[in-house]
Structure formats: C-alpha cells, structure tokens
Amino acid sequence: MNPTIRNVTQRITQRSQATRQTYLVSMQAQHKAGRSQRAGMGCANMAHTFAALPANDKLKVREARAPHLGIVTAYNDMLSAHQPYEHYPEKIKAAARAHGATAQVAGGVPAMCDGVTQGAAGMELSLFSRDVIALSTAVALSHNVFDAALFLGICDKIVPGLLMGALQFGHLPAVFVPAGPMTSGLSNDQKSKVRQLYAQGLVDREALLDAESQAYHGVGTCTFYGTANSNQMLLEIMGLQLPGSSFVNPGTPLRDALTVEAVRRAVRLVGGDNVPPLTLADIVDERVIVNGIVGLLATGGSTNHTLHLVAIARSAGILIDWDDFAELSHVTPLLARIYPNGAADVNHFHAAGGMGFLIRELLDAGLLHADVHTVMGPGLAACAQEPWLDNGVLAWRAAPAFSGDLTVLRPAGNPFSADGGLRLLKGNLGRSVVKVSAVKPEHRQVQAPAVVVADQQDLLSLYQQGQLQRDFIAVVRYQGPQANGMPELHKLMPPLGALQDQGFKVALVTDGRMSGASGKVPSAIHLSPEALGGGPIARVMDGDLITLDCELGILQLEVDDATLAARELRVPDLSANTRGTGRELFGLFRRNAATAEAGASPLFG
C-alpha cells in the first residue's frame with residue numbers, strides 16, 4: 001500500500017471517529033437481525049404493502065418468506081441517459097421472481113438535465129436537486145418493508161443524491177444499476193471547436209445546433225467524461241455496481257444480462273440460512289471513500305465530486321476535505337485521457353480496457369485498498385474483471401492485460417502524468433480547487449488584472465462587445481451555494497478558450513461551479529468562503545492584480561491586507577436569483593447550505 005494512501009486513510013478515520021460511530025450505531029439500530037424488514041408490522045400496514053401485487057408475489061410478501069426488493073428510480077424520458085430505465089422495473093420484477101424474490105417500485109426521484117439548464121435560471125436549482133433526490137430516496141424507503149434496494153440513476157446530481165439517501169438506509173443491501181452511454185457521435189473535439197467558432201461569431205446558430213445534435217444523438221449517457229460518467233466510474237470503483245457494467249451501451253444483450261445479474265446479486269446480499277447480509281454500511285467505509293477519490297484522480301474526473309464525494313462521505317459519518325484530495329492527487333498517476341482531458345469518449349475508454357484494467361493497475365500499484373467489500377463480495381480484486389456473454393450466458397473474465405489504446409488508457413507504470421491533476425489553491429482569497437489535467441503547462445500560471453462581474457452573462461456581454469481582448473482573470477462572484485445555488489458556469493468556457501487560443505493569458509476565479517466537462521482554461525472554482533458569506537472575493541475590484549499558480553498552489557490577490565479590509569463591502573441585489581423557475585421554493589436550501597468544502601449541502605453541513 002502506498003504510504004500516502006495509507007496515511008490519508010488513517011487521518012480520515014481518526015477525524016471521523018465520533019461521527020462514524022454515531023452513523024454505525026444508527027444503522028445497527030435499524031437492522032432486524034435474522035428477520036425480514038416486515039417482521040412485526042401491523043396487519044393494516046402489511047395489507048397496504050402488498051395490496052396491488054400479483055397473487056404469487058402477494059403471498060411471498062405476506063408470509064415474509066423471500067427477499068423483497070425496493071426499486072428507487074430516476075426515470076424520465078427527457079434525460080437521454082435515463083430514458084432506458086422506462087422498462088427496467090418490469091425486468092427487475094421478473095428477475096426477482098426467477099430468483100425466488102419479489103420487487104416493487106418504492107418511489108421515484110427527480111432528475112434534471114444540466115445540459116438543458118446550462119446558463120439558464122434552472123441551473124440555480126441543479127446542485128440542490130441532489131439534496132432533494134436524497135430526501136426523495138429517504139421517502140421512498142421510509143416504508144421499511146424492503147430487504148434490499150436497487151437504485152436506477154446515472155447523471156450529475158442524481159447518483160450523489162441517491163447514494164446520500166441510500167446511506168440513511170445503510171442497514172440494507174444496495175446495488176446500483178446503470179443503463180450505459182449512447183454510442184459515439186460527433187467527436188468531442190469537433191463539438192468543442194464549433195462552440196468556440198460560434199462564440200466568436202464565425203458560424204451561425206444552425207451550424208452550432210447541427211453539431212450539438214450530432215454529438216447528443218440517441219439514448220444513453222452523454223459520452224464525454226463529465227460528472228455523469230464520473231459517477232459511473234465512482235460507483236464501480238467503490239464496489240456498488242457490477243464490474244464492467246458502467247459503459248455497456250443500452251439496448252444490447254450484455255446490458256440486459258447485467259441488469260438481471262444486478263437483481264440476483266441484490267437477492268444474494270440479503271443473506272439467509274445463517275449467512276449474514278452484506279449491507280451498504282458494510283461496504284461504504286473510509287477505505288472505500290479513499291478508493292473513490294483515487295479513481296476520480298486517476299481518470300481526470302469531474303471537479304463536481306470535490307463537493308459530491310464530501311457530501312456522500314458525510315452521509316456515512318465520514319469527514320473528508322480538500323487537503324485529502326490534494327494529497328492523494330500528488331501520488332495518483334493519471335491513467336486515462338477522456339474528453340475534456342483528451343480526444344476519446346467513454347466508449348473508447350471502455351474498449352481500451354475500461355474499468356477492469358484501471359482497477360487492476362491501481363491495485364497492483366498499491367494505490368487502492370484491496371481489503372474492502374463490494375457487491376461481488378469480499379475484496380476489490382473481483383472488480384478487476386469484465387463481463388461477457390458466453391453462448392448467451394453472462395460470465396466474467398480477467399480484464400485485458402494490456403491497454404487497447406495507449407492514447408486513451410495507460411498502465412500505472414507509464415501514466416499520462418505522475419499526478420492526478422487536481423490541485424488545492426490557497427491564499428488571501430481563500431481556498432479553491434483547480435483541475436489541471438486538461439490545462440497545458442504553459443497556461444497553469446497566470447498573473448493578470450481582474451475583470452469583476454456578479455453574473456456570468458455580464459462577462460459574456462463584455463466578450464461580445466470586444467472588451468476582453470487582453471490578459472485578465474475573470475472574477476465571477478456571488479455564485480456560491482448561499483447566493484444563488486452555485487450554478488455551473490460552463491457557458492464561459494468557449495469564449496475564454498477562444499481568447500486563450502488567441503494568445504491571451506486568461507483564467508477564471510469563482511465561488512461557483514464549473515461543469516464536469518471543464519477543460520483547458522485554468523479555473524479556480526468553489527472558492528470558499530463565498531462572496532455572500534463575506535469571503536475576500538467580495539472585495540476584489542476591477543484591475544486588481546491576481547496571481548493564480550496551479551503548480552505552487554497559490555491564489556493570491558496582490559493587494560495588502562489593510563487596503564483590502566478598508567474597502568466597503570457592497571452586496572449586489574440578488575433578488576432576481578430568488579424568483580421564478582421554482583427558485584422561491586429553495587430559499588431554505590440557500591440559507592442553510594454548507595460551504596463548498598463541506599459539500600455545499602443543507603443536509604450534512
């Protein structure tokens with residue numbers, strides 16, 4: 001075991017001792033040893049549970065003789081990634097019956113598409129939708145009639161929210177069931193180029209829409225390596241879904257076989273005949289959280305998980321912070337290049353060896369905890385396999401010994417870079433994170449005057465007016481969770497990228513978020529404390545010199561403390577962020593949101 005991995009894990013364990021023990025005591029209190037979850041229910045309660053079930057299922061549930069599985073689904077057919085889930089409940093129920101069990105849809109959770117809401121008012125609900133999903137998951141499982149649960153979700157806030165909610169029912173076994181990515185369309189590089197050309201006014205809207213439609217063209221997850229696909233990597237490396245299942249395309253025989261197998265695994269995890277159950281709380285511990293961080297770093301995954309993983313860990317009583325991410329990043333090699341950190345998409349990554357190859361390489365290098373539990377049983381080595389159909393029957397084999405494409409996936413002994421590319425920046429502006437795996441070395445150090453705005457549209461307007469043809473650092477503030485729900489600012493990337501390509505030194509500093517697809521422009525994001533909380537970013541003025549140094553981990557406003565303290569703090573009118581598109585309903589969330597480094601959640605702050 002790499003000593004840094006071991007030391008960080010020990011530090012997290014010590015830091016979390018009290019909160020973790022409280023969590024485990026709570027899970028033990030909810031566990032009904034050797035009995036169905038329905039044991040002891042009142043007759044009227046039980047009758048409501050099985051009233052609508054088919055006769056044979058009703059008998060099994062009534063007599064509590066077989067495992068009863070709850071399905072929590074994020075299905076809707078607006079999200080291409082979730083559209084395949086429409087018929088999963090029927091498949092799951094049939095598979096459960098085939099294995100002597102029963103299943104019901106326990107409830108649905110909302111699922112919004114960040115791709116639709118980018119740059120629009122709806123994006124201000126996006127981050128908190130994660131917490132709504134966690135609450136909805138708890139409501140779905142609150143009937144306390146299920147012996148295990150299956151979770152259907154893929155995209156940005158959906159998987160973190162499902163897992164946060166599921167962990168409150170960690171006394172139950174749990175399996176996550178993916179649906180897979182869409183087939184490859186227009187390459188991500190081509191799509192990005194058209195976006196930049198449109199930002200410069202060199203192509204029209206019709207050309208832009210045509211390019212986007214060729215990229216996002218069918219059912220399945222978007223194929224770039226943003227938060228949705230980072231979620232899938234995370235679930236696999238944490239042992240919460242079947243090995244090799246994340247990136248199998250929808251509507252294929254292998255995809256269907258994996259869904260059926262997920263049900264069989266859930267039934268087995270319930271235990272029985274003196275075999276104890278393997279619950280979610282048994283699986284998710286400090287080691288598994290560290291494995292998740294390492295997987296994120298080794299693949300150049302979404303920066304959104306510097307929020308989500310923190311909130312997920314806190315849901316299980318585990319306390320992590322950005323120092324942990326940064327320290328692990330120093331020893332974790334970058335083994336994958338998937339857009340925006342390369343030209344490939346997740347289908348290419350999967351074909352090159354995928355998750356099985358990645359997990360085996362990290363295990364062999366001593367960068368993952370091997371002695372963990374997964375839905376496959378004890379030991380992470382079981383996840384270094386890939387599924388295949390042997391004469392139509394699902395089987396497992398060892399992951400490929402060699403990468404099928406060294407431009408996409410590499411062994412630990414020959415990485416793309418020696419570190420994971422996630423840096424912690426510190427200075428008199430506070431603490432923030434920056435992802436440099438897609439930022440060229442010559443762009444990682446920027447010292448330039450500030451251009452200060454309190455709305456991303458104001459910066460876009462300056463660009464369209466031709467006022468940004470120079471070196472500058474964009475300071476986009478009042479974008480934190482308490483100010484307006486911490487929207488992603490992905491719309492800023494095409495113009496900033498175009499300016500960088502023209503030879504200008506540019507960077508972004510914000511207390512907001514950047515998309516999981518953020519790339520080549522150095523972006524100090526999630527700055528804490530946020531402007532509305534009195535953070536120093538609120539006192540930055542146009543023309544102030546800022547140093548952003550990704551190599552040395554510095555984010556410094558070159559203004560002396562006395563001058564900075566003497567500046568009058570003027571909070572802009574943020575009332576527009578509280579009205580319309582349902583934002584009135586989220587005031588409670590904004591007022592109670594934790595800091596970014598604490599996960600930005602109003603639930604586990």
# chains A, B, ... in the order shown; residues from 1 in each chain; ligands from 1
call {"tool": "closest_atom_pairs", "arguments": {"of": "stretch 286-368 of chain A", "to": "stretch 410-429 of chain A", "cutoff": "8 Å", "atoms": "only C-alpha atoms", "output": "Markdown table"}}
result
| residue | atom | partner | partner_atom | distance |
| --- | --- | --- | --- | --- |
| A:Leu297 | CA | A:Gly420 | CA | 4.5 |
| A:Ala298 | CA | A:Gly420 | CA | 5.5 |
| A:Thr299 | CA | A:Gly420 | CA | 7.6 |
| A:Gly300 | CA | A:Gly420 | CA | 6.5 |
| A:Trp322 | CA | A:Leu424 | CA | 6.7 |
| A:Asp323 | CA | A:Leu424 | CA | 7.1 |
| A:Phe325 | CA | A:Leu422 | CA | 7.5 |
| A:Ala326 | CA | A:Arg423 | CA | 5.5 |
| A:Ser329 | CA | A:Gly420 | CA | 4.7 |
| A:His330 | CA | A:Asp419 | CA | 5.0 |
| A:Val331 | CA | A:Asp419 | CA | 5.7 |
| A:Thr332 | CA | A:Asp419 | CA | 5.0 |
| A:Pro333 | CA | A:Asp419 | CA | 4.4 |
| A:Leu334 | CA | A:Gly420 | CA | 5.0 |
| A:Leu335 | CA | A:Arg410 | CA | 5.1 |
| A:Ala336 | CA | A:Arg410 | CA | 6.5 |
| A:Arg337 | CA | A:Phe416 | CA | 7.8 |
| A:Leu358 | CA | A:Pro411 | CA | 7.7 |
| A:Glu361 | CA | A:Ala412 | CA | 5.7 |
| A:Leu362 | CA | A:Ala412 | CA | 6.7 |
| A:Ala365 | CA | A:Ala412 | CA | 6.7 |
call {"tool": "select_by_dssp", "arguments": {"residues": "stretch 307-523 of chain A", "states": "strand (DSSP E)", "output": "PyMOL selection string"}}
result
chain A and resi 373-374+377-378+385-390+393-398+422-427+430-435+445-453+472-476+506-510+523
call {"tool": "residues_around", "arguments": {"residues": "A:His82", "least_positions_apart": "3", "cutoff": "8 Å", "atoms": "only C-alpha atoms", "output": "JSON, numbers by chain"}}
result
{"A": [74, 75, 76, 77, 78, 79, 85, 86, 153, 154, 179, 220, 221]}
call {"tool": "select_by_dssp", "arguments": {"residues": "stretch 129-367 of chain A", "states": "helix (DSSP H, G or I)", "output": "MDAnalysis selection string"}}
result
chainID A and resid 129:141 158:169 188:199 205:215 227:237 253:269 280:283 286:299 305:315 322:331 346:352 354:364
call {"tool": "write_last_selection", "arguments": {"atoms": "C-alpha atoms", "output": "short mmCIF file (atom, residue, chain, number, x, y, z; two decimals), in the first residue's frame"}}
result
data_model
loop_
_atom_site.label_atom_id
_atom_site.label_comp_id
_atom_site.auth_asym_id
_atom_site.auth_seq_id
_atom_site.Cartn_x
_atom_site.Cartn_y
_atom_site.Cartn_z
CA SER A 129 -31.64 18.89 -6.70
CA ARG A 130 -29.03 16.48 -5.31
CA ASP A 131 -30.37 17.07 -1.81
CA VAL A 132 -33.98 16.85 -2.99
CA ILE A 133 -33.10 13.46 -4.50
CA ALA A 134 -31.56 12.36 -1.20
CA LEU A 135 -34.75 13.39 0.60
CA SER A 136 -36.91 11.67 -2.02
CA THR A 137 -34.87 8.48 -1.68
CA ALA A 138 -35.47 8.54 2.06
CA VAL A 139 -39.21 8.98 1.49
CA ALA A 140 -39.23 6.05 -0.94
CA LEU A 141 -37.55 3.72 1.54
CA ILE A 158 -28.83 12.00 -9.34
CA VAL A 159 -26.25 9.40 -8.30
CA PRO A 160 -24.83 11.50 -5.43
CA GLY A 161 -28.36 12.21 -4.21
CA LEU A 162 -29.41 8.56 -4.46
CA LEU A 163 -26.32 7.45 -2.57
CA MET A 164 -26.72 10.13 0.11
CA GLY A 165 -30.30 8.97 0.66
CA ALA A 166 -29.44 5.27 0.43
CA LEU A 167 -26.80 5.64 3.12
CA GLN A 168 -29.50 6.64 5.59
CA PHE A 169 -30.81 3.11 4.99
CA ASN A 188 -15.91 15.93 -28.64
CA ASP A 189 -13.01 17.86 -30.18
CA GLN A 190 -15.14 18.79 -33.21
CA LYS A 191 -18.05 19.78 -30.98
CA SER A 192 -15.77 21.99 -28.87
CA LYS A 193 -14.33 23.69 -31.97
CA VAL A 194 -17.79 24.54 -33.29
CA ARG A 195 -18.74 26.00 -29.90
CA GLN A 196 -15.67 28.26 -29.97
CA LEU A 197 -16.37 29.31 -33.56
CA TYR A 198 -19.93 30.19 -32.58
CA ALA A 199 -18.70 32.21 -29.58
CA ARG A 205 -26.75 29.03 -34.69
CA GLU A 206 -27.86 26.46 -37.25
CA ALA A 207 -24.30 25.12 -37.53
CA LEU A 208 -24.00 25.01 -33.75
CA LEU A 209 -27.30 23.17 -33.31
CA ASP A 210 -26.34 20.71 -36.03
CA ALA A 211 -23.03 19.93 -34.28
CA GLU A 212 -24.69 19.53 -30.88
CA SER A 213 -27.35 17.25 -32.38
CA GLN A 214 -24.69 15.02 -33.90
CA ALA A 215 -22.92 14.80 -30.53
CA THR A 227 -19.99 14.28 -13.88
CA ALA A 228 -22.43 11.62 -15.15
CA ASN A 229 -19.72 9.26 -16.32
CA SER A 230 -17.52 10.16 -13.33
CA ASN A 231 -20.47 8.95 -11.24
CA GLN A 232 -20.40 5.61 -13.01
CA MET A 233 -16.66 5.20 -12.54
CA LEU A 234 -17.12 6.07 -8.87
CA LEU A 235 -19.84 3.50 -8.25
CA GLU A 236 -17.72 0.77 -9.82
CA ILE A 237 -14.51 1.54 -8.00
CA PRO A 253 -27.92 -8.29 -24.85
CA LEU A 254 -25.00 -7.74 -22.47
CA ARG A 255 -26.73 -4.70 -20.95
CA ASP A 256 -29.88 -6.75 -20.33
CA ALA A 257 -27.88 -9.61 -18.81
CA LEU A 258 -26.14 -7.22 -16.43
CA THR A 259 -29.47 -5.82 -15.25
CA VAL A 260 -30.72 -9.32 -14.46
CA GLU A 261 -27.45 -10.12 -12.68
CA ALA A 262 -27.77 -6.96 -10.56
CA VAL A 263 -31.06 -8.32 -9.25
CA ARG A 264 -29.52 -11.71 -8.49
CA ARG A 265 -26.71 -10.01 -6.58
CA ALA A 266 -29.17 -7.96 -4.56
CA VAL A 267 -31.03 -11.14 -3.57
CA ARG A 268 -27.76 -12.82 -2.55
CA LEU A 269 -26.67 -9.84 -0.49
CA LEU A 280 -24.46 -0.71 2.20
CA ALA A 281 -22.97 0.37 5.54
CA ASP A 282 -20.72 -2.70 5.42
CA ILE A 283 -19.38 -1.61 2.02
CA GLU A 286 -13.23 5.21 4.93
CA ARG A 287 -11.22 2.92 2.64
CA VAL A 288 -13.94 2.89 0.00
CA ILE A 289 -14.22 6.68 0.07
CA VAL A 290 -10.44 6.94 -0.47
CA ASN A 291 -10.71 4.43 -3.34
CA GLY A 292 -13.34 6.68 -4.88
CA ILE A 293 -11.10 9.74 -4.65
CA VAL A 294 -8.18 7.83 -6.18
CA GLY A 295 -10.39 6.66 -9.06
CA LEU A 296 -11.52 10.23 -9.67
CA LEU A 297 -7.94 11.46 -9.77
CA ALA A 298 -6.61 8.60 -11.91
CA THR A 299 -9.21 9.31 -14.59
CA HIS A 305 -17.06 15.46 -6.90
CA THR A 306 -14.98 17.72 -4.67
CA LEU A 307 -18.48 18.66 -3.49
CA HIS A 308 -20.42 15.43 -4.03
CA LEU A 309 -17.93 12.98 -2.55
CA VAL A 310 -17.66 15.18 0.53
CA ALA A 311 -21.44 15.13 0.96
CA ILE A 312 -21.64 11.38 0.27
CA ALA A 313 -18.94 10.68 2.84
CA ARG A 314 -20.70 12.83 5.45
CA SER A 315 -23.87 10.84 4.83
CA TRP A 322 -9.81 19.23 0.00
CA ASP A 323 -6.47 18.62 1.70
CA ASP A 324 -7.23 14.91 1.37
CA PHE A 325 -7.97 15.29 -2.34
CA ALA A 326 -4.80 17.32 -2.92
CA GLU A 327 -2.54 14.95 -1.00
CA LEU A 328 -3.93 11.91 -2.80
CA SER A 329 -3.57 13.71 -6.12
CA HIS A 330 0.18 14.03 -5.61
CA VAL A 331 0.64 10.24 -5.62
CA VAL A 346 -16.12 6.79 -22.68
CA ASN A 347 -16.86 4.21 -25.39
CA HIS A 348 -13.21 4.39 -26.44
CA PHE A 349 -12.14 4.13 -22.79
CA HIS A 350 -14.30 1.04 -22.32
CA ALA A 351 -12.97 -0.57 -25.49
CA ALA A 352 -9.37 0.12 -24.47
CA GLY A 354 -12.15 0.18 -19.21
CA MET A 355 -12.73 -0.03 -15.52
CA GLY A 356 -11.36 -3.54 -15.05
CA PHE A 357 -7.97 -2.55 -16.48
CA LEU A 358 -7.94 0.68 -14.46
CA ILE A 359 -8.78 -1.01 -11.15
CA ARG A 360 -6.21 -3.76 -11.65
CA GLU A 361 -3.46 -1.24 -12.46
CA LEU A 362 -4.25 0.85 -9.39
CA LEU A 363 -4.43 -2.24 -7.19
CA ASP A 364 -1.10 -3.55 -8.45
#
call {"tool": "residues_around", "arguments": {"residues": "A:Ala450", "least_positions_apart": "5", "cutoff": "8 Å", "atoms": "only C-alpha atoms", "output": "JSON, numbers by chain"}}
result
{"A": [472, 473, 474, 475, 540, 541, 542, 543, 544, 545, 546]}
call {"tool": "write_last_selection", "arguments": {"atoms": "C-alpha atoms", "output": "PDB file, in the first residue's frame"}}
result
ATOM      1  CA  PHE A 472      -7.149  39.113 -17.487  1.00  0.00           C
ATOM      2  CA  ILE A 473      -8.518  36.913 -14.744  1.00  0.00           C
ATOM      3  CA  ALA A 474     -12.307  36.761 -14.708  1.00  0.00           C
ATOM      4  CA  VAL A 475     -13.684  37.023 -11.191  1.00  0.00           C
ATOM      5  CA  VAL A 540     -11.861  42.376  -5.325  1.00  0.00           C
ATOM      6  CA  MET A 541     -12.007  45.380  -7.678  1.00  0.00           C
ATOM      7  CA  ASP A 542     -11.543  45.695 -11.424  1.00  0.00           C
ATOM      8  CA  GLY A 543      -7.859  45.976 -12.245  1.00  0.00           C
ATOM      9  CA  ASP A 544      -6.577  44.306  -9.052  1.00  0.00           C
ATOM     10  CA  LEU A 545      -3.651  42.050  -9.847  1.00  0.00           C
ATOM     11  CA  ILE A 546      -4.278  38.369  -9.115  1.00  0.00           C
TER      12      ILE A 546
END
call {"tool": "residues_around", "arguments": {"residues": "A:Asp371", "least_positions_apart": "2", "cutoff": "10 Å", "atoms": "only C-alpha atoms", "output": "ChimeraX atom specification"}}
result
/A:287-288,368-369,373-374,378-381
call {"tool": "residues_around", "arguments": {"residues": "stretch 522-532 of chain A", "least_positions_apart": "6", "cutoff": "6 Å", "atoms": "only C-alpha atoms", "output": "PyMOL selection string"}}
result
chain A and resi 430-434+478+480+483+507-513+538+596
call {"tool": "atom_distance", "arguments": {"atom1": "atom CA of A:Glu558", "atom2": "atom CA of A:Gly534"}}
result
18.5 Å
call {"tool": "atom_distance", "arguments": {"atom1": "atom CA of A:Thr578", "atom2": "atom CA of A:Leu125"}}
result
10.5 Å
call {"tool": "closest_residue", "arguments": {"among": "A:Gln457, A:Gln21, A:Ser575, A:Ser302", "to": "A:Asn341", "atoms": "only C-alpha atoms"}}
result
A:Ser302
call {"tool": "atom_distance", "arguments": {"atom1": "atom CA of A:Ile338", "atom2": "atom CA of A:Tyr225"}}
result
5.9 Å
call {"tool": "residues_around", "arguments": {"residues": "A:Leu489", "least_positions_apart": "5", "cutoff": "8 Å", "atoms": "only C-alpha atoms", "output": "number ranges by chain"}}
result
A: 118-119, 456, 512-515
call {"tool": "closest_atom_pairs", "arguments": {"of": "stretch 432-468 of chain A", "to": "stretch 567-573 of chain A", "cutoff": "12 Å", "atoms": "only C-alpha atoms", "output": "CSV"}}
result
residue,atom,partner,partner_atom,distance
A:Val453,CA,A:Pro572,CA,10.4
A:Ala454,CA,A:Pro572,CA,7.8
A:Asp455,CA,A:Pro572,CA,10.3
call {"tool": "write_last_selection", "arguments": {"atoms": "C-alpha atoms", "output": "PDB file, in the first residue's frame"}}
result
ATOM      1  CA  VAL A 453     -18.690  40.555 -12.506  1.00  0.00           C
ATOM      2  CA  ALA A 454     -21.516  39.183 -10.381  1.00  0.00           C
ATOM      3  CA  ASP A 455     -23.242  37.344 -13.235  1.00  0.00           C
TER       4      ASP A 455
END
call {"tool": "decode", "arguments": {"residues": "stretch 237-267 of chain A", "atoms": "C-alpha atoms", "output": "short mmCIF file (atom, residue, chain, number, x, y, z; two decimals), in the first residue's frame"}}
result
data_model
loop_
_atom_site.label_atom_id
_atom_site.label_comp_id
_atom_site.auth_asym_id
_atom_site.auth_seq_id
_atom_site.Cartn_x
_atom_site.Cartn_y
_atom_site.Cartn_z
CA ILE A 237 -14.51 1.54 -8.00
CA MET A 238 -16.46 1.83 -4.74
CA GLY A 239 -17.91 -1.62 -5.40
CA LEU A 240 -21.54 -0.51 -5.57
CA GLN A 241 -22.40 -1.74 -9.04
CA LEU A 242 -21.34 -4.71 -11.12
CA PRO A 243 -17.79 -4.73 -12.54
CA GLY A 244 -17.59 -3.51 -16.12
CA SER A 245 -21.25 -2.53 -16.19
CA SER A 246 -20.87 1.26 -16.35
CA PHE A 247 -20.11 1.74 -20.02
CA VAL A 248 -22.03 -1.02 -21.81
CA ASN A 249 -24.38 0.58 -24.34
CA PRO A 250 -28.16 0.48 -23.79
CA GLY A 251 -30.35 -1.98 -25.65
CA THR A 252 -27.69 -4.66 -26.03
CA PRO A 253 -27.92 -8.29 -24.85
CA LEU A 254 -25.00 -7.74 -22.47
CA ARG A 255 -26.73 -4.70 -20.95
CA ASP A 256 -29.88 -6.75 -20.33
CA ALA A 257 -27.88 -9.61 -18.81
CA LEU A 258 -26.14 -7.22 -16.43
CA THR A 259 -29.47 -5.82 -15.25
CA VAL A 260 -30.72 -9.32 -14.46
CA GLU A 261 -27.45 -10.12 -12.68
CA ALA A 262 -27.77 -6.96 -10.56
CA VAL A 263 -31.06 -8.32 -9.25
CA ARG A 264 -29.52 -11.71 -8.49
CA ARG A 265 -26.71 -10.01 -6.58
CA ALA A 266 -29.17 -7.96 -4.56
CA VAL A 267 -31.03 -11.14 -3.57
#
